[in-house]
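**Q** My questions all concern the structure below.
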Amino acid sequence: IMLEQSAKIFVAGHRGLVGSAIWNNLKQRGYTNLTGRTHQELDLLDPMAVKRFFDEEQPEAVVLAAAHVGGILANLHYRADFIYQNLQIQQNVIGESFRHGVRKLLFLGSTCIYPREAPQPMKEEALLTSPLEYTNEPYAIAKIAGLKMCESFNLQYGTNYIAVMPTNLYGPNDNFHLENSHVLPAMMRKIYLAKCLNEGNWEAVRKDIDLRPVEGVNGSCTEQVILEKLAKFGITPEAVTLWGTGTPMREFLWSEEMADASVHVLLNVDFKDICAGKGEEIRNCHINIGTGKEISIREAAEMIIREVGFRGELRWDRSKPDGTLRKLTDVTRLHALGWHHRIEIDEGIHRLYEWYQKGICINHQTV
């Protein structure tokens, strides 16, 4: 199904890391009729509000990039929120897309849908072959339900809903919250703050936590209060302490490349292209999006230390969980569909740090 450049496309979650990158990518390709709503403007958990939105806007295509997401800690503590909110968002958006005859839908999941002990690299066929990682099981089950919903609508009603499963993402508009963010931005911010403390650059420390306060502590607090709060997160002038052992391997994909892959799939791939030749039982029609390359958390941390120029020590808190030891995606299917990554991790870390620093400067000029 070809989508003309004038087609109205609803990007749900257009302000997030993934959604904003997809929005920009569509614009760069000449798709100008895009529609998005902030959480304040449209609560995707509210079925009546979502129905009203679809009644009024009548989008031809939908990108479902809105989700309730977080790191290990958040997934562990807020299990009910993760399963309930994600299921609810998917129900509402996919349901209304069907009722309003949306021609093409792209559903974004995550590679945490795969079993904890999945053979590496993880092929799409590994789905539901053994138990999930305990920490993010509720989130993973919601995402599995979403991709099965797309698959099932396609099989029963002939719709064209495609599910893509991106690996660990990082990039512009990332969340740098010290507790709820993903591994790469959290490490970068911790190392950056430790560097500022190490160099006695209190102006930079205050700017940073003014922009992103840490548990109610902002730049106007005393040095003592700031030091105590940052130490709780393993950030001191002498050292940065990160969770676990540093041995888990992770695959990282620059968010703008993930967006490019997603839009490539939205515009060029139909459900029939993926389920061809699967015989009687059609399943696992989702597409992994990644680089097919991995590095250890320790290596990533050391790269960030070099990029940021931190002269202190790197320590590991072995009492904290490591999470899954390996999560490498098999991207054979994606390559066969004509897309390949270009930005390697070292360049990506350089770009992310540049973006992060620029954000602090810009926000401080406007204050």
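Just so we're on the same page: first chain in the structure tokens is A, next is B, and so on; residues restart at 1 for each chain, and ligands are numbered from 1 in the order they show up.
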Within 7 Å of range 9-17 of chain A, which residues of range 162-267 of chain A come that close, and what is the closest atom pair and distance in Å for each? Count only C-alpha atoms and give it as a tab-separated table.

**A**
```
residue	atom	partner	partner_atom	distance
A:Pro172	CA	A:Leu17	CA	6.9
A:Asn173	CA	A:Leu17	CA	5.3
A:Asp174	CA	A:Leu17	CA	5.4
A:Ser255	CA	A:Leu17	CA	7.0
```

**Q** Please dump the current selection as a tab-separated table (two decimals), in the first residue's frame; keep N, CA, C and O atoms.

**A**
```tsv
chain	number	residue	atom	x	y	z
A	172	PRO	N	18.63	12.13	20.45
A	172	PRO	CA	18.01	13.41	20.80
A	172	PRO	C	16.66	13.20	21.49
A	172	PRO	O	15.93	12.26	21.15
A	173	ASN	N	16.34	14.07	22.45
A	173	ASN	CA	15.09	14.00	23.22
A	173	ASN	C	15.03	12.80	24.15
A	173	ASN	O	13.96	12.41	24.61
A	174	ASP	N	16.18	12.21	24.45
A	174	ASP	CA	16.21	11.09	25.37
A	174	ASP	C	15.84	11.57	26.77
A	174	ASP	O	15.91	12.75	27.08
A	255	SER	N	18.51	6.75	17.82
A	255	SER	CA	17.05	6.85	17.65
A	255	SER	C	16.64	7.34	16.26
A	255	SER	O	15.61	6.92	15.72
```

**Q** Please provide the set of residues having any atom within 12 Å of Cys221 in chain A, restricted to only C-alpha atoms, with same-chain residues fewer than 6 positions apart removed, written as a ChimeraX atom specification.

**A** /A:202,205-207,209-210,213-214,227-229

**Q** Can you write out the residues you just picked, keeping C-alpha atoms, as a CSV table (one decimal), in the first residue's frame?

**A**
```csv
chain,number,residue,atom,x,y,z
A,202,TRP,CA,29.4,24.2,40.6
A,205,VAL,CA,26.1,21.2,38.3
A,206,ARG,CA,23.5,23.8,39.2
A,207,LYS,CA,22.5,24.4,35.6
A,209,ILE,CA,19.9,19.9,38.0
A,210,ASP,CA,17.9,23.1,37.4
A,213,PRO,CA,15.8,18.3,39.2
A,214,VAL,CA,16.7,15.2,41.1
A,227,LEU,CA,26.3,16.4,47.1
A,228,GLU,CA,24.2,14.1,49.4
A,229,LYS,CA,21.5,13.7,46.8
```

**Q** Counting only C-alpha atoms, which of A:Met2, A:Val93, A:Cys361, A:Leu253 gets nearest to Leu169 in chain A?

**A**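 With only C-alpha atoms as the atom set, the closest residue is A:Leu253.
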
**Q** Using only C-alpha atoms, which residues of range 90-110 of chain A come within 7 Å of range 144-162 of chain A, and what is the closest atom pair for each, with the distance in Å to one decimal? Give it as a tab-separated table, sorted by chain and residue number.

**A**
```
residue	atom	partner	partner_atom	distance
A:Gln90	CA	A:Gly146	CA	6.2
A:Arg103	CA	A:Asn160	CA	6.6
A:Lys104	CA	A:Asn160	CA	5.3
A:Leu105	CA	A:Tyr161	CA	4.5
A:Leu106	CA	A:Ile162	CA	5.0
A:Phe107	CA	A:Ile162	CA	6.1
```

**Q** For range 268-278 of chain A, work out the shell of residues within 7 Å, counting only C-alpha atoms and skipping chain neighbours fewer than 2 positions away, then give it as a PDB file with N, CA and C atoms, in the first residue's frame.

**A**
```pdb
ATOM      1  N   ILE A   1       0.849  -1.187   0.000  1.00  0.00           N
ATOM      2  CA  ILE A   1       0.000   0.000   0.000  1.00  0.00           C
ATOM      3  C   ILE A   1       0.886   1.238   0.000  1.00  0.00           C
ATOM      4  N   ASN A 160      -3.505  -4.060   7.455  1.00  0.00           N
ATOM      5  CA  ASN A 160      -2.068  -3.974   7.150  1.00  0.00           C
ATOM      6  C   ASN A 160      -1.353  -3.295   8.320  1.00  0.00           C
ATOM      7  N   TYR A 161      -1.317  -4.015   9.442  1.00  0.00           N
ATOM      8  CA  TYR A 161      -0.696  -3.485  10.662  1.00  0.00           C
ATOM      9  C   TYR A 161       0.632  -4.203  10.863  1.00  0.00           C
ATOM     10  N   ILE A 162       1.716  -3.438  10.918  1.00  0.00           N
ATOM     11  CA  ILE A 162       3.055  -4.030  11.044  1.00  0.00           C
ATOM     12  C   ILE A 162       3.641  -3.693  12.412  1.00  0.00           C
ATOM     13  N   HIS A 264      10.854   3.421   6.849  1.00  0.00           N
ATOM     14  CA  HIS A 264      11.120   2.550   5.700  1.00  0.00           C
ATOM     15  C   HIS A 264      10.095   1.401   5.669  1.00  0.00           C
ATOM     16  N   VAL A 265       9.862   0.810   6.837  1.00  0.00           N
ATOM     17  CA  VAL A 265       8.899  -0.297   6.944  1.00  0.00           C
ATOM     18  C   VAL A 265       7.477   0.200   6.684  1.00  0.00           C
ATOM     19  N   LEU A 266       7.130   1.336   7.297  1.00  0.00           N
ATOM     20  CA  LEU A 266       5.784   1.897   7.122  1.00  0.00           C
ATOM     21  C   LEU A 266       5.473   2.140   5.646  1.00  0.00           C
ATOM     22  N   GLU A 280       0.544 -22.927   7.253  1.00  0.00           N
ATOM     23  CA  GLU A 280      -0.748 -22.885   7.945  1.00  0.00           C
ATOM     24  C   GLU A 280      -0.754 -21.911   9.110  1.00  0.00           C
ATOM     25  N   GLU A 281       0.259 -22.032   9.981  1.00  0.00           N
ATOM     26  CA  GLU A 281       0.284 -21.227  11.201  1.00  0.00           C
ATOM     27  C   GLU A 281       1.144 -19.979  10.999  1.00  0.00           C
ATOM     28  N   ILE A 282       0.455 -18.856  10.813  1.00  0.00           N
ATOM     29  CA  ILE A 282       1.182 -17.607  10.576  1.00  0.00           C
ATOM     30  C   ILE A 282       1.405 -16.893  11.901  1.00  0.00           C
ATOM     31  N   CYS A 285       5.329 -12.362  12.812  1.00  0.00           N
ATOM     32  CA  CYS A 285       5.441 -11.516  11.617  1.00  0.00           C
ATOM     33  C   CYS A 285       5.961 -10.125  11.952  1.00  0.00           C
TER      34      CYS A 285
END
```

**Q** Give me the residues of range 198-304 of chain A that have any atom at most 9 Å from an atom of range 316-325 of chain A; for each, the nearest atom pair and the distance in Å, rounded to one decimal. Use only C-alpha atoms, sort by chain and number, and format it as a Markdown table.

**A**
```
| residue | atom | partner | partner_atom | distance |
| --- | --- | --- | --- | --- |
| A:Gly234 | CA | A:Asp317 | CA | 8.9 |
| A:Val240 | CA | A:Trp316 | CA | 8.3 |
| A:Thr241 | CA | A:Trp316 | CA | 5.3 |
| A:Leu242 | CA | A:Trp316 | CA | 5.0 |
| A:Trp243 | CA | A:Asp317 | CA | 5.1 |
| A:Gly244 | CA | A:Arg318 | CA | 4.6 |
| A:Thr245 | CA | A:Arg318 | CA | 5.5 |
| A:Gly246 | CA | A:Trp316 | CA | 7.0 |
| A:Thr247 | CA | A:Leu325 | CA | 7.4 |
| A:Pro248 | CA | A:Leu325 | CA | 4.3 |
| A:Met249 | CA | A:Leu325 | CA | 6.0 |
| A:Arg250 | CA | A:Leu325 | CA | 8.2 |
```

**Q** Select, from A:Glu294, A:Asn284, A:Lys358, A:Leu64, the residue with the minimum atom-to-atom distance to Lys123 in chain A, counting only C-alpha atoms.

**A**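 Distance minimum relative to Lys123 in chain A lands on A:Asn284.
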
**Q** Point out the residue among A:Leu34, A:Ile295, A:Ala194, A:Ala261 with the least atom-to-atom distance to Arg326 in chain A, counting only C-alpha atoms.

**A**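 Closest to Arg326 in chain A of all the choices is A:Ile295.
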
**Q** Please report, as a compact mmCIF listing (two decimals) with N, CA and C atoms, in the first residue's frame, each residue of range 233-267 of chain A to which DSSP assigns strand (DSSP E) when run on this structure's backbone.

**A**
```txt
# COMPACT_ATOMS: atom_id res chain seq x y z
N ALA A 239 34.35 9.51 42.09
CA ALA A 239 33.99 8.29 41.35
C ALA A 239 32.53 8.30 40.91
N VAL A 240 32.27 7.48 39.90
CA VAL A 240 30.89 7.17 39.51
C VAL A 240 30.68 5.69 39.79
N THR A 241 29.59 5.38 40.50
CA THR A 241 29.27 3.98 40.78
C THR A 241 28.04 3.59 39.97
N LEU A 242 28.19 2.59 39.13
CA LEU A 242 27.08 2.13 38.29
C LEU A 242 26.57 0.78 38.80
N TRP A 243 25.32 0.47 38.41
CA TRP A 243 24.69 -0.76 38.87
C TRP A 243 25.32 -2.01 38.25
N MET A 249 25.96 -7.51 27.98
CA MET A 249 26.18 -6.98 26.63
C MET A 249 24.89 -6.31 26.15
N ARG A 250 25.04 -5.17 25.51
CA ARG A 250 23.86 -4.50 24.96
C ARG A 250 24.14 -4.01 23.55
N PHE A 252 23.02 -1.08 20.90
CA PHE A 252 22.46 0.27 20.95
C PHE A 252 22.23 0.81 19.54
N LEU A 253 21.06 1.40 19.35
CA LEU A 253 20.72 1.96 18.03
C LEU A 253 20.36 3.44 18.20
N TRP A 254 20.99 4.28 17.39
CA TRP A 254 20.70 5.73 17.39
C TRP A 254 19.24 5.94 17.02
```

**Q** Between A:Cys112, A:Val50, A:Ala186, A:Ile235, single out the one closest to Glu137 in chain A, counting only C-alpha atoms.

**A**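 Ranked by minimum distance to Glu137 in chain A, first place goes to A:Cys112.
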
**Q** Interatomic distance between CA of Ile304 in chain A and CA of Asn24 in chain A?

**A**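 CA of Asn24 in chain A lies 26.6 Å from CA of Ile304 in chain A.
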
**Q** For the atom pair CA of Pro59 in chain A and CA of Gly95 in chain A, what is the interatomic distance in Å to one decimal place?

**A**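 Straight-line distance from CA of Pro59 in chain A to CA of Gly95 in chain A works out to 13.4 Å.
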
**Q** What is the CA of Lys27 in chain A-CA of Gln5 in chain A distance in Å, reported with one decimal?

**A** 9.4 Å

**Q** From the set A:Ala301, A:Pro119, A:Met48, A:Ala66, which residue has the shortest atom-to-atom contact distance to Met188 in chain A, counting only C-alpha atoms?

**A**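 Using only C-alpha atoms, Met188 in chain A sits closest to A:Ala301.
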
**Q** Tell me, which residues of range 170-233 of chain A carry DSSP helix (DSSP H, G or I), written as an NGL selection string?

**A** :A and (183-198 or 202-211 or 223-232)
